[in-house]
file run_26.json (JSON, C-alpha atoms)
[["chain", "number", "residue", "atom", "x", "y", "z"],
["A", 1, "MET", "CA", 8.23, 1.49, 33.29],
["A", 2, "THR", "CA", 7.20, -1.43, 35.46],
["A", 3, "ALA", "CA", 6.95, 0.78, 38.53],
["A", 4, "GLU", "CA", 4.69, 3.15, 36.66],
["A", 5, "LYS", "CA", 2.58, 0.32, 35.43],
["A", 6, "SER", "CA", 1.94, -1.13, 38.86],
["A", 7, "SER", "CA", 1.08, 2.26, 40.33],
["A", 8, "ASP", "CA", -1.56, 2.61, 37.63],
["A", 9, "THR", "CA", -3.19, -0.59, 38.71],
["A", 10, "ASP", "CA", -5.74, 0.56, 41.21],
["A", 11, "SER", "CA", -8.70, -1.43, 42.34],
["A", 12, "GLN", "CA", -11.37, 0.69, 40.67],
["A", 13, "GLU", "CA", -10.80, -0.73, 37.22],
["A", 14, "PRO", "CA", -13.11, -3.44, 36.00],
["A", 15, "PRO", "CA", -10.58, -6.25, 35.78],
["A", 16, "ALA", "CA", -12.07, -8.01, 32.78],
["A", 17, "LEU", "CA", -11.83, -4.97, 30.56],
["A", 18, "ARG", "CA", -8.31, -4.15, 31.52],
["A", 19, "GLU", "CA", -7.16, -7.70, 31.13],
["A", 20, "ASP", "CA", -8.68, -7.99, 27.68],
["A", 21, "ALA", "CA", -7.06, -4.84, 26.44],
["A", 22, "SER", "CA", -3.71, -5.74, 27.94],
["A", 23, "ALA", "CA", -3.89, -9.20, 26.48],
["A", 24, "TRP", "CA", -4.64, -7.78, 23.04],
["A", 25, "LEU", "CA", -1.66, -5.49, 23.26],
["A", 26, "GLU", "CA", 0.52, -8.28, 24.56],
["A", 27, "GLN", "CA", -0.49, -10.88, 21.99],
["A", 28, "HIS", "CA", -1.25, -8.84, 18.89],
["A", 29, "GLY", "CA", 0.51, -5.52, 19.44],
["A", 30, "ASP", "CA", 3.61, -6.37, 17.42],
["A", 31, "ALA", "CA", 1.64, -7.88, 14.55],
["A", 32, "LEU", "CA", -0.64, -4.85, 14.39],
["A", 33, "TYR", "CA", 2.35, -2.55, 14.55],
["A", 34, "GLY", "CA", 4.18, -4.39, 11.77],
["A", 35, "TYR", "CA", 1.15, -4.12, 9.52],
["A", 36, "ALA", "CA", 0.65, -0.45, 10.32],
["A", 37, "ARG", "CA", 4.34, 0.31, 9.93],
["A", 38, "ALA", "CA", 4.38, -1.06, 6.38],
["A", 39, "ARG", "CA", 1.64, 1.40, 5.51],
["A", 40, "ALA", "CA", 2.29, 4.47, 7.57],
["A", 41, "GLY", "CA", 5.32, 6.55, 6.76],
["A", 42, "THR", "CA", 6.52, 6.97, 10.30],
["A", 43, "ARG", "CA", 6.96, 4.95, 13.44],
["A", 44, "GLU", "CA", 4.86, 7.45, 15.39],
["A", 45, "LEU", "CA", 1.90, 7.19, 13.05],
["A", 46, "ALA", "CA", 2.07, 3.40, 13.16],
["A", 47, "GLU", "CA", 2.09, 3.47, 16.97],
["A", 48, "ASP", "CA", -0.87, 5.84, 16.99],
["A", 49, "LEU", "CA", -2.74, 3.52, 14.68],
["A", 50, "VAL", "CA", -2.16, 0.59, 17.01],
["A", 51, "GLN", "CA", -3.35, 2.63, 19.97],
["A", 52, "GLU", "CA", -6.46, 3.86, 18.14],
["A", 53, "THR", "CA", -7.22, 0.33, 17.03],
["A", 54, "LEU", "CA", -7.05, -1.08, 20.55],
["A", 55, "LEU", "CA", -9.09, 1.80, 21.96],
["A", 56, "ALA", "CA", -11.75, 1.28, 19.30],
["A", 57, "ALA", "CA", -11.70, -2.43, 20.07],
["A", 58, "LEU", "CA", -12.22, -1.69, 23.74],
["A", 59, "GLN", "CA", -15.21, 0.47, 22.95],
["A", 60, "SER", "CA", -16.88, -1.93, 20.57],
["A", 61, "ARG", "CA", -16.01, -4.93, 22.67],
["A", 62, "GLU", "CA", -19.64, -5.88, 23.26],
["A", 63, "ARG", "CA", -20.22, -6.10, 19.55],
["A", 64, "PHE", "CA", -17.47, -8.62, 19.12],
["A", 65, "ALA", "CA", -19.44, -11.80, 19.57],
["A", 66, "SER", "CA", -16.50, -14.09, 18.85],
["A", 67, "ARG", "CA", -17.67, -14.53, 15.30],
["A", 68, "SER", "CA", -14.05, -14.41, 14.28],
["A", 69, "SER", "CA", -10.74, -14.68, 16.05],
["A", 70, "VAL", "CA", -9.63, -11.71, 18.11],
["A", 71, "ARG", "CA", -6.72, -11.15, 15.78],
["A", 72, "THR", "CA", -8.92, -11.05, 12.67],
["A", 73, "TRP", "CA", -11.23, -8.64, 14.44],
["A", 74, "LEU", "CA", -8.41, -6.35, 15.55],
["A", 75, "PHE", "CA", -6.92, -6.35, 12.06],
["A", 76, "SER", "CA", -10.24, -5.44, 10.50],
["A", 77, "ILE", "CA", -10.43, -2.43, 12.83],
["A", 78, "LEU", "CA", -6.87, -1.45, 11.94],
["A", 79, "ARG", "CA", -7.63, -1.76, 8.23],
["A", 80, "HIS", "CA", -10.60, 0.57, 8.62],
["A", 81, "LYS", "CA", -8.40, 3.08, 10.40],
["A", 82, "ILE", "CA", -5.84, 2.96, 7.61],
["A", 83, "VAL", "CA", -8.43, 3.28, 4.84],
["A", 84, "ASP", "CA", -9.91, 6.22, 6.72],
["A", 85, "LEU", "CA", -6.53, 7.84, 6.97],
["A", 86, "TYR", "CA", -5.96, 7.53, 3.24],
["A", 87, "ARG", "CA", -9.44, 8.75, 2.45],
["A", 88, "ARG", "CA", -8.90, 11.84, 4.53],
["A", 89, "GLY", "CA", -5.74, 12.49, 2.60],
["A", 90, "GLY", "CA", -3.26, 11.38, 5.19],
["A", 91, "ALA", "CA", -1.77, 13.17, 8.11],
["A", 92, "GLY", "CA", 0.67, 15.68, 6.73],
["A", 93, "ARG", "CA", 3.70, 14.04, 5.26],
["A", 94, "GLN", "CA", 3.29, 10.85, 7.15],
["A", 95, "LEU", "CA", 1.62, 8.82, 4.46],
["A", 96, "ALA", "CA", 2.99, 8.07, 1.04],
["A", 97, "GLY", "CA", 2.42, 10.85, -1.43],
["A", 98, "ARG", "CA", 4.33, 14.00, -0.69],
["A", 99, "GLY", "CA", 3.63, 14.92, -4.28],
["A", 100, "GLU", "CA", 7.16, 15.76, -5.21],
["A", 101, "MET", "CA", 6.76, 14.18, -8.60],
["A", 102, "LEU", "CA", 5.30, 16.12, -11.46],
["A", 103, "ALA", "CA", 1.69, 17.19, -11.34],
["A", 104, "SER", "CA", -0.52, 14.31, -12.31],
["A", 105, "GLN", "CA", -2.49, 15.96, -15.11],
["A", 106, "ASN", "CA", 0.06, 15.54, -17.83],
["A", 107, "SER", "CA", 1.87, 12.34, -17.02],
["A", 108, "GLU", "CA", 0.66, 10.66, -20.21],
["A", 109, "GLN", "CA", 2.28, 13.39, -22.29],
["A", 110, "VAL", "CA", 5.43, 13.03, -20.25],
["A", 111, "PHE", "CA", 5.69, 9.35, -21.02],
["A", 112, "PHE", "CA", 4.14, 9.12, -24.48],
["A", 113, "THR", "CA", 4.41, 11.04, -27.71],
["A", 114, "GLY", "CA", 1.31, 12.52, -29.31],
["A", 115, "ASP", "CA", 0.80, 9.42, -31.40],
["A", 116, "GLY", "CA", 1.09, 7.05, -28.49],
["A", 117, "PHE", "CA", 4.71, 5.87, -28.56],
["A", 118, "TRP", "CA", 7.05, 5.71, -25.58],
["A", 119, "ARG", "CA", 9.24, 8.79, -25.25],
["A", 120, "ASN", "CA", 11.74, 6.77, -23.26],
["A", 121, "ALA", "CA", 11.31, 3.09, -23.81],
["A", 122, "PRO", "CA", 11.39, 1.01, -20.62],
["A", 123, "SER", "CA", 14.76, -0.59, -20.21],
["A", 124, "SER", "CA", 15.40, -4.14, -19.19],
["A", 125, "TRP", "CA", 15.31, -4.78, -15.44],
["A", 126, "LYS", "CA", 17.86, -7.52, -15.33],
["A", 127, "THR", "CA", 18.32, -7.45, -11.60],
["A", 128, "ALA", "CA", 14.65, -7.48, -10.59],
["A", 129, "GLU", "CA", 14.79, -10.65, -8.52],
["A", 130, "GLU", "CA", 17.95, -9.63, -6.71],
["A", 131, "ALA", "CA", 16.44, -6.24, -5.93],
["A", 132, "LEU", "CA", 13.86, -7.82, -3.67],
["A", 133, "LEU", "CA", 16.66, -9.11, -1.48],
["A", 134, "ASP", "CA", 18.43, -5.79, -1.27],
["A", 135, "ASP", "CA", 17.60, -3.49, 1.66],
["A", 136, "GLU", "CA", 18.63, -0.52, -0.40],
["A", 137, "PHE", "CA", 16.02, -1.34, -3.04],
["A", 138, "TRP", "CA", 13.28, -1.23, -0.43],
["A", 139, "SER", "CA", 14.27, 2.22, 0.70],
["A", 140, "VAL", "CA", 14.33, 3.38, -2.93],
["A", 141, "LEU", "CA", 10.82, 1.97, -3.32],
["A", 142, "GLU", "CA", 9.73, 3.79, -0.16],
["A", 143, "GLY", "CA", 11.16, 6.99, -1.56],
["A", 144, "CYS", "CA", 9.32, 6.54, -4.85],
["A", 145, "LEU", "CA", 6.03, 5.81, -3.09],
["A", 146, "GLY", "CA", 6.60, 8.85, -0.95],
["A", 147, "ASP", "CA", 7.14, 11.07, -3.96],
["A", 148, "LEU", "CA", 3.92, 10.15, -5.72],
["A", 149, "PRO", "CA", 1.41, 12.98, -5.94],
["A", 150, "ARG", "CA", -1.01, 12.66, -3.05],
["A", 151, "SER", "CA", -4.12, 11.88, -5.09],
["A", 152, "LEU", "CA", -2.33, 9.06, -6.90],
["A", 153, "ALA", "CA", -0.66, 7.61, -3.83],
["A", 154, "GLN", "CA", -4.05, 7.40, -2.13],
["A", 155, "VAL", "CA", -5.65, 5.20, -4.81],
["A", 156, "PHE", "CA", -2.50, 3.22, -5.44],
["A", 157, "MET", "CA", -1.87, 2.35, -1.79],
["A", 158, "LEU", "CA", -5.49, 1.40, -1.17],
["A", 159, "ARG", "CA", -5.47, -0.77, -4.26],
["A", 160, "GLU", "CA", -2.10, -2.46, -3.84],
["A", 161, "LEU", "CA", -1.57, -2.58, -0.11],
["A", 162, "GLU", "CA", -5.09, -2.89, 1.17],
["A", 163, "GLN", "CA", -6.06, -4.87, -1.93],
["A", 164, "ILE", "CA", -9.43, -3.25, -2.18],
["A", 165, "ASP", "CA", -11.12, -4.12, -5.47],
["A", 166, "VAL", "CA", -11.83, -1.36, -7.96],
["A", 167, "GLU", "CA", -15.59, -1.35, -7.46],
["A", 168, "GLU", "CA", -15.31, -0.83, -3.72],
["A", 169, "LEU", "CA", -12.53, 1.68, -4.19],
["A", 170, "CYS", "CA", -14.75, 3.81, -6.44],
["A", 171, "LYS", "CA", -17.37, 3.82, -3.70],
["A", 172, "ILE", "CA", -14.93, 4.67, -0.93],
["A", 173, "LEU", "CA", -13.33, 7.53, -2.83],
["A", 174, "GLY", "CA", -16.33, 8.66, -4.84],
["A", 175, "LEU", "CA", -14.55, 8.21, -8.17],
["A", 176, "THR", "CA", -15.86, 6.96, -11.48],
["A", 177, "PRO", "CA", -14.30, 3.72, -12.75],
["A", 178, "GLY", "CA", -12.70, 5.65, -15.59],
["A", 179, "ASN", "CA", -11.14, 8.16, -13.25],
["A", 180, "LEU", "CA", -9.86, 5.41, -10.97],
["A", 181, "ARG", "CA", -8.26, 3.59, -13.92],
["A", 182, "ILE", "CA", -6.53, 6.75, -15.04],
["A", 183, "ARG", "CA", -5.12, 7.37, -11.57],
["A", 184, "LEU", "CA", -3.89, 3.81, -11.16],
["A", 185, "HIS", "CA", -2.29, 3.92, -14.59],
["A", 186, "ARG", "CA", -0.55, 7.20, -13.81],
["A", 187, "ALA", "CA", 0.64, 5.98, -10.43],
["A", 188, "ARG", "CA", 2.14, 2.89, -12.04],
["A", 189, "LEU", "CA", 3.77, 4.88, -14.84],
["A", 190, "LEU", "CA", 5.35, 7.22, -12.30],
["A", 191, "LEU", "CA", 6.47, 4.49, -9.94],
["A", 192, "ARG", "CA", 7.94, 2.36, -12.69],
["A", 193, "ASP", "CA", 9.77, 5.37, -14.05],
["A", 194, "CYS", "CA", 11.02, 6.32, -10.60],
["A", 195, "LEU", "CA", 12.37, 2.83, -9.94],
["A", 196, "GLU", "CA", 14.06, 2.80, -13.30],
["A", 197, "ARG", "CA", 15.73, 6.15, -12.68],
["A", 198, "ARG", "CA", 16.73, 5.54, -9.09],
["A", 199, "TRP", "CA", 17.49, 1.86, -9.15],
["A", 200, "PHE", "CA", 17.40, -0.19, -12.33],
["A", 201, "GLY", "CA", 18.64, 2.43, -14.74],
["A", 202, "SER", "CA", 21.99, 2.74, -13.06],
["A", 203, "ARG", "CA", 22.28, -1.00, -12.86],
["A", 204, "SER", "CA", 21.27, -2.24, -16.27],
["A", 205, "ASP", "CA", 23.99, -0.65, -18.35],
["A", 206, "GLU", "CA", 26.87, -0.92, -15.96],
["A", 207, "ALA", "CA", 28.80, -3.83, -14.66],
["A", 208, "PRO", "CA", 27.32, -5.45, -11.56],
["A", 209, "ARG", "CA", 27.86, -3.39, -8.44],
["A", 210, "THR", "CA", 30.89, -4.12, -6.42],
["A", 211, "PRO", "CA", 30.30, -4.30, -2.71],
["B", 1, "MET", "CA", -17.78, -2.00, -29.56],
["B", 2, "SER", "CA", -18.58, -3.87, -32.78],
["B", 3, "TRP", "CA", -16.43, -6.81, -33.87],
["B", 4, "PRO", "CA", -14.81, -4.95, -36.77],
["B", 5, "GLY", "CA", -14.12, -2.15, -34.31],
["B", 6, "GLN", "CA", -12.56, -4.58, -31.87],
["B", 7, "LEU", "CA", -10.47, -6.16, -34.57],
["B", 8, "LEU", "CA", -9.25, -2.74, -35.61],
["B", 9, "LYS", "CA", -8.34, -2.02, -32.00],
["B", 10, "ILE", "CA", -6.34, -5.22, -31.77],
["B", 11, "LEU", "CA", -4.40, -4.36, -34.89],
["B", 12, "THR", "CA", -3.79, -0.68, -34.27],
["B", 13, "LEU", "CA", -3.08, -0.57, -30.56],
["B", 14, "HIS", "CA", -0.43, 1.95, -29.63],
["B", 15, "CYS", "CA", 1.98, 1.73, -26.74],
["B", 16, "GLU", "CA", 0.03, 4.22, -24.66],
["B", 17, "GLU", "CA", -3.18, 2.18, -24.96],
["B", 18, "ALA", "CA", -1.26, -1.03, -24.37],
["B", 19, "SER", "CA", 0.15, 0.45, -21.16],
["B", 20, "VAL", "CA", -3.39, 1.34, -20.04],
["B", 21, "LEU", "CA", -4.45, -2.25, -20.63],
["B", 22, "ALA", "CA", -1.37, -3.61, -18.87],
["B", 23, "SER", "CA", -2.37, -1.53, -15.87],
["B", 24, "ARG", "CA", -6.06, -2.41, -16.07],
["B", 25, "GLU", "CA", -5.45, -6.14, -16.22],
["B", 26, "LEU", "CA", -4.04, -5.90, -12.69],
["B", 27, "ASP", "CA", -7.36, -4.54, -11.44],
["B", 28, "GLU", "CA", -10.15, -6.14, -13.40],
["B", 29, "PRO", "CA", -10.73, -8.84, -15.98],
["B", 30, "LEU", "CA", -10.27, -7.57, -19.53],
["B", 31, "GLY", "CA", -12.62, -8.36, -22.38],
["B", 32, "LEU", "CA", -11.57, -10.83, -25.03],
["B", 33, "ALA", "CA", -10.65, -8.16, -27.56],
["B", 34, "GLU", "CA", -8.61, -6.30, -24.97],
["B", 35, "ARG", "CA", -6.79, -9.44, -23.92],
["B", 36, "LEU", "CA", -5.95, -10.24, -27.51],
["B", 37, "ALA", "CA", -4.91, -6.66, -28.13],
["B", 38, "VAL", "CA", -2.50, -6.47, -25.21],
["B", 39, "ARG", "CA", -1.13, -9.92, -25.92],
["B", 40, "GLY", "CA", -0.63, -9.22, -29.60],
["B", 41, "HIS", "CA", 0.96, -5.88, -28.91],
["B", 42, "THR", "CA", 3.39, -7.13, -26.30],
["B", 43, "LEU", "CA", 4.35, -9.97, -28.61],
["B", 44, "VAL", "CA", 5.76, -7.52, -31.12],
["B", 45, "CYS", "CA", 6.68, -4.59, -28.87],
["B", 46, "ARG", "CA", 9.63, -5.11, -26.57],
["B", 47, "SER", "CA", 9.09, -1.89, -24.62],
["B", 48, "CYS", "CA", 5.52, -2.77, -23.73],
["B", 49, "ARG", "CA", 6.49, -6.33, -22.94],
["B", 50, "ARG", "CA", 8.97, -4.95, -20.42],
["B", 51, "PHE", "CA", 6.48, -2.46, -19.10],
["B", 52, "ARG", "CA", 3.88, -5.14, -18.51],
["B", 53, "ARG", "CA", 6.37, -7.41, -16.78],
["B", 54, "GLN", "CA", 7.63, -4.54, -14.66],
["B", 55, "LEU", "CA", 4.12, -3.69, -13.48],
["B", 56, "GLN", "CA", 3.71, -7.30, -12.43],
["B", 57, "PHE", "CA", 7.05, -7.11, -10.65],
["B", 58, "LEU", "CA", 5.91, -3.94, -8.91],
["B", 59, "ARG", "CA", 2.83, -5.70, -7.61],
["B", 60, "ALA", "CA", 4.84, -8.69, -6.42],
["B", 61, "ALA", "CA", 7.27, -6.35, -4.67],
["B", 62, "LEU", "CA", 4.48, -4.50, -2.90],
["B", 63, "ASN", "CA", 2.97, -7.78, -1.76],
["B", 64, "ARG", "CA", 6.29, -8.71, -0.23],
["B", 65, "ARG", "CA", 6.72, -5.33, 1.36],
["B", 66, "ASP", "CA", 4.83, -6.44, 4.45],
["B", 67, "ALA", "CA", 7.35, -9.11, 5.14],
["B", 68, "ALA", "CA", 10.36, -7.02, 4.24],
["B", 69, "PRO", "CA", 12.12, -5.12, 6.96],
["B", 70, "GLU", "CA", 12.33, -1.48, 5.92],
["B", 71, "GLU", "CA", 15.13, -0.61, 8.23],
["B", 72, "ASN", "CA", 17.92, -2.60, 9.66],
["B", 73, "GLY", "CA", 18.24, -3.27, 13.31],
["B", 74, "PRO", "CA", 16.32, -5.38, 15.76],
["B", 75, "GLY", "CA", 12.95, -4.39, 17.03],
["B", 76, "HIS", "CA", 11.92, -2.50, 13.94],
["B", 77, "ASP", "CA", 8.88, -4.65, 13.39],
["B", 78, "ALA", "CA", 8.00, -4.74, 17.04],
["B", 79, "LEU", "CA", 6.55, -2.02, 19.25],
["B", 80, "SER", "CA", 9.19, -0.26, 21.25],
["B", 81, "PRO", "CA", 8.92, -0.71, 25.04],
["B", 82, "GLU", "CA", 8.11, 3.02, 25.31],
["B", 83, "ALA", "CA", 5.27, 2.80, 22.78],
["B", 84, "ARG", "CA", 3.98, -0.34, 24.42],
["B", 85, "ALA", "CA", 3.90, 1.32, 27.83],
["B", 86, "ARG", "CA", 2.23, 4.41, 26.41],
["B", 87, "ILE", "CA", -0.48, 2.36, 24.71],
["B", 88, "GLU", "CA", -0.94, 0.28, 27.84],
["B", 89, "ARG", "CA", -1.53, 3.45, 29.85],
["B", 90, "ALA", "CA", -4.02, 4.77, 27.28],
["B", 91, "LEU", "CA", -5.90, 1.48, 27.41],
["B", 92, "MET", "CA", -6.02, 1.50, 31.21],
["B", 93, "GLN", "CA", -7.28, 5.05, 31.21],
["B", 94, "ALA", "CA", -9.94, 4.15, 28.67],
["B", 95, "SER", "CA", -11.07, 1.00, 30.41],
["B", 96, "ARG", "CA", -11.38, 2.97, 33.64],
["B", 97, "ASP", "CA", -13.54, 5.60, 31.91],
["B", 98, "HIS", "CA", -15.43, 2.93, 30.10],
["B", 99, "GLY", "CA", -16.14, 1.08, 33.34],
["B", 100, "ASP", "CA", -17.69, 4.12, 35.03],
["B", 101, "ASP", "CA", -21.24, 3.29, 34.00],
["B", 102, "SER", "CA", -21.08, -0.21, 35.41],
["B", 103, "PRO", "CA", -20.75, -0.10, 39.22],
["B", 104, "SER", "CA", -18.15, -2.46, 40.54]]

call {"tool": "encode", "arguments": {"input": "run_26.json", "output": "structure tokens"}}
result
Amino acid sequence: MTAEKSSDTDSQEPPALREDASAWLEQHGDALYGYARARAGTRELAEDLVQETLLAALQSRERFASRSSVRTWLFSILRHKIVDLYRRGGAGRQLAGRGEMLASQNSEQVFFTGDGFWRNAPSSWKTAEEALLDDEFWSVLEGCLGDLPRSLAQVFMLRELEQIDVEELCKILGLTPGNLRIRLHRARLLLRDCLERRWFGSRSDEAPRTP
Amino acid sequence: MSWPGQLLKILTLHCEEASVLASRELDEPLGLAERLAVRGHTLVCRSCRRFRRQLQFLRAALNRRDAAPEENGPGHDALSPEARARIERALMQASRDHGDDSPS
């Protein structure tokens, strides 16, 4: 790798540009990658996002008038890339939302009776705090996020992970507030149910797991 | 909604509506009647009390997800040397192209 790198370094490059970009990668690459990795389903997609972010930064370098720190600026570019990706519906199966859960139209009827009572009452999540410390729980959560129907995963991820407020989210996605509320509610019903089935359900009634 | 209407809503809230409010309160401030309705309902309904708490747990978990390693093993949260080299090359290529219009 180092040999390749040095052979790439020919004298025609404007040194300032190259040094900037390399320094960004060097100093912020891992942080950008970590952020992207928590949002993109695969390592490859996260790496692509980092690359696209740095390339975009290189191009719009003149417009960065050190109003903010370089890191803040790079992260704002990355965030835009991620929001864009979700808005476009994600690249194949790489984002959350493979849609393997039931179709979203009828989730209320799945969870509630006609007169508005729970069909299956939520059980007690006794081990909630411990779950956060358990690697296995995190992969169950990933699985549940991945199984959300695409249209619900999109709004849910933008809301919870990018923490975009509902007003802005309506604008970005072209949804009415009512429609957005319904989608967020459905996403949460499905996710909660998924976690209960795949994680808490098997743990609330039984004795604590033995290692 | 009129006050009698709001009062009626507080008193007759069903679990489904309560779950909508428990979701909505994570996104936007609720009106007084809605706050009272969800609070009153969860006071007497164990299922909805759990549901509401679990939604809050879900949010807390997702906030921590950034910090949580998703896979074991070192280097998961860092760029691999291969990816780093690939990105470095792409950046060099781009800065070379980008520099074309300014004679050196």

call {"tool": "closest_atom_pairs", "arguments": {"input": "run_26.json", "of": "chain B", "to": "chain A", "cutoff": "6 Å", "atoms": "only C-alpha atoms", "output": "JSON lines"}}
result
{"residue": "B:His14", "atom": "CA", "partner": "A:Gly116", "partner_atom": "CA", "distance": 5.4}
{"residue": "B:Cys15", "atom": "CA", "partner": "A:Phe117", "partner_atom": "CA", "distance": 5.3}
{"residue": "B:Glu16", "atom": "CA", "partner": "A:Gly116", "partner_atom": "CA", "distance": 4.9}
{"residue": "B:Ser23", "atom": "CA", "partner": "A:His185", "partner_atom": "CA", "distance": 5.6}
{"residue": "B:Ser47", "atom": "CA", "partner": "A:Pro122", "partner_atom": "CA", "distance": 5.4}
{"residue": "B:Asp66", "atom": "CA", "partner": "A:Ala38", "partner_atom": "CA", "distance": 5.7}
{"residue": "B:Asp77", "atom": "CA", "partner": "A:Gly34", "partner_atom": "CA", "distance": 5.0}
{"residue": "B:Ala78", "atom": "CA", "partner": "A:Asp30", "partner_atom": "CA", "distance": 4.7}
{"residue": "B:Leu79", "atom": "CA", "partner": "A:Asp30", "partner_atom": "CA", "distance": 5.6}
{"residue": "B:Ile87", "atom": "CA", "partner": "A:Gln51", "partner_atom": "CA", "distance": 5.5}
{"residue": "B:Ser95", "atom": "CA", "partner": "A:Arg18", "partner_atom": "CA", "distance": 5.9}
{"residue": "B:Arg96", "atom": "CA", "partner": "A:Glu13", "partner_atom": "CA", "distance": 5.2}

call {"tool": "write_last_selection", "arguments": {"input": "run_26.json", "atoms": "C-alpha atoms", "output": "short mmCIF file (atom, residue, chain, number, x, y, z; two decimals), keeping the file's coordinate frame"}}
result
data_model
loop_
_atom_site.label_atom_id
_atom_site.label_comp_id
_atom_site.auth_asym_id
_atom_site.auth_seq_id
_atom_site.Cartn_x
_atom_site.Cartn_y
_atom_site.Cartn_z
CA HIS B 14 -0.43 1.95 -29.63
CA CYS B 15 1.98 1.73 -26.74
CA GLU B 16 0.03 4.22 -24.66
CA SER B 23 -2.37 -1.53 -15.87
CA SER B 47 9.09 -1.89 -24.62
CA ASP B 66 4.83 -6.44 4.45
CA ASP B 77 8.88 -4.65 13.39
CA ALA B 78 8.00 -4.74 17.04
CA LEU B 79 6.55 -2.02 19.25
CA ILE B 87 -0.48 2.36 24.71
CA SER B 95 -11.07 1.00 30.41
CA ARG B 96 -11.38 2.97 33.64
#

call {"tool": "atom_distance", "arguments": {"input": "run_26.json", "atom1": "CA of Gly146 in chain A", "atom2": "CA of Ile172 in chain A"}}
result
21.9 Å

call {"tool": "atom_distance", "arguments": {"input": "run_26.json", "atom1": "CA of Gln27 in chain A", "atom2": "CA of Ser76 in chain A"}}
result
16.0 Å

call {"tool": "atom_distance", "arguments": {"input": "run_26.json", "atom1": "CA of Arg49 in chain B", "atom2": "CA of Cys144 in chain A"}}
result
22.4 Å

call {"tool": "closest_residue", "arguments": {"input": "run_26.json", "among": "B:Leu26, B:Glu88, B:Pro81, B:Arg39", "to": "Gln54 in chain B", "atoms": "only C-alpha atoms"}}
result
B:Leu26

call {"tool": "residues_around", "arguments": {"input": "run_26.json", "residues": "Ala22 in chain B", "least_positions_apart": "3", "cutoff": "10 Å", "atoms": "all atoms listed in the file", "output": "JSON, numbers by chain"}}
result
{"A": [185], "B": [16, 17, 18, 19, 25, 26, 27, 30, 34, 35, 38, 39, 42, 48, 49, 51, 52, 53, 54, 55, 56]}

call {"tool": "closest_residue", "arguments": {"input": "run_26.json", "among": "B:Ala83, B:Arg65, B:Leu21, B:Val44", "to": "Leu45 in chain A", "atoms": "only C-alpha atoms"}}
result
B:Ala83
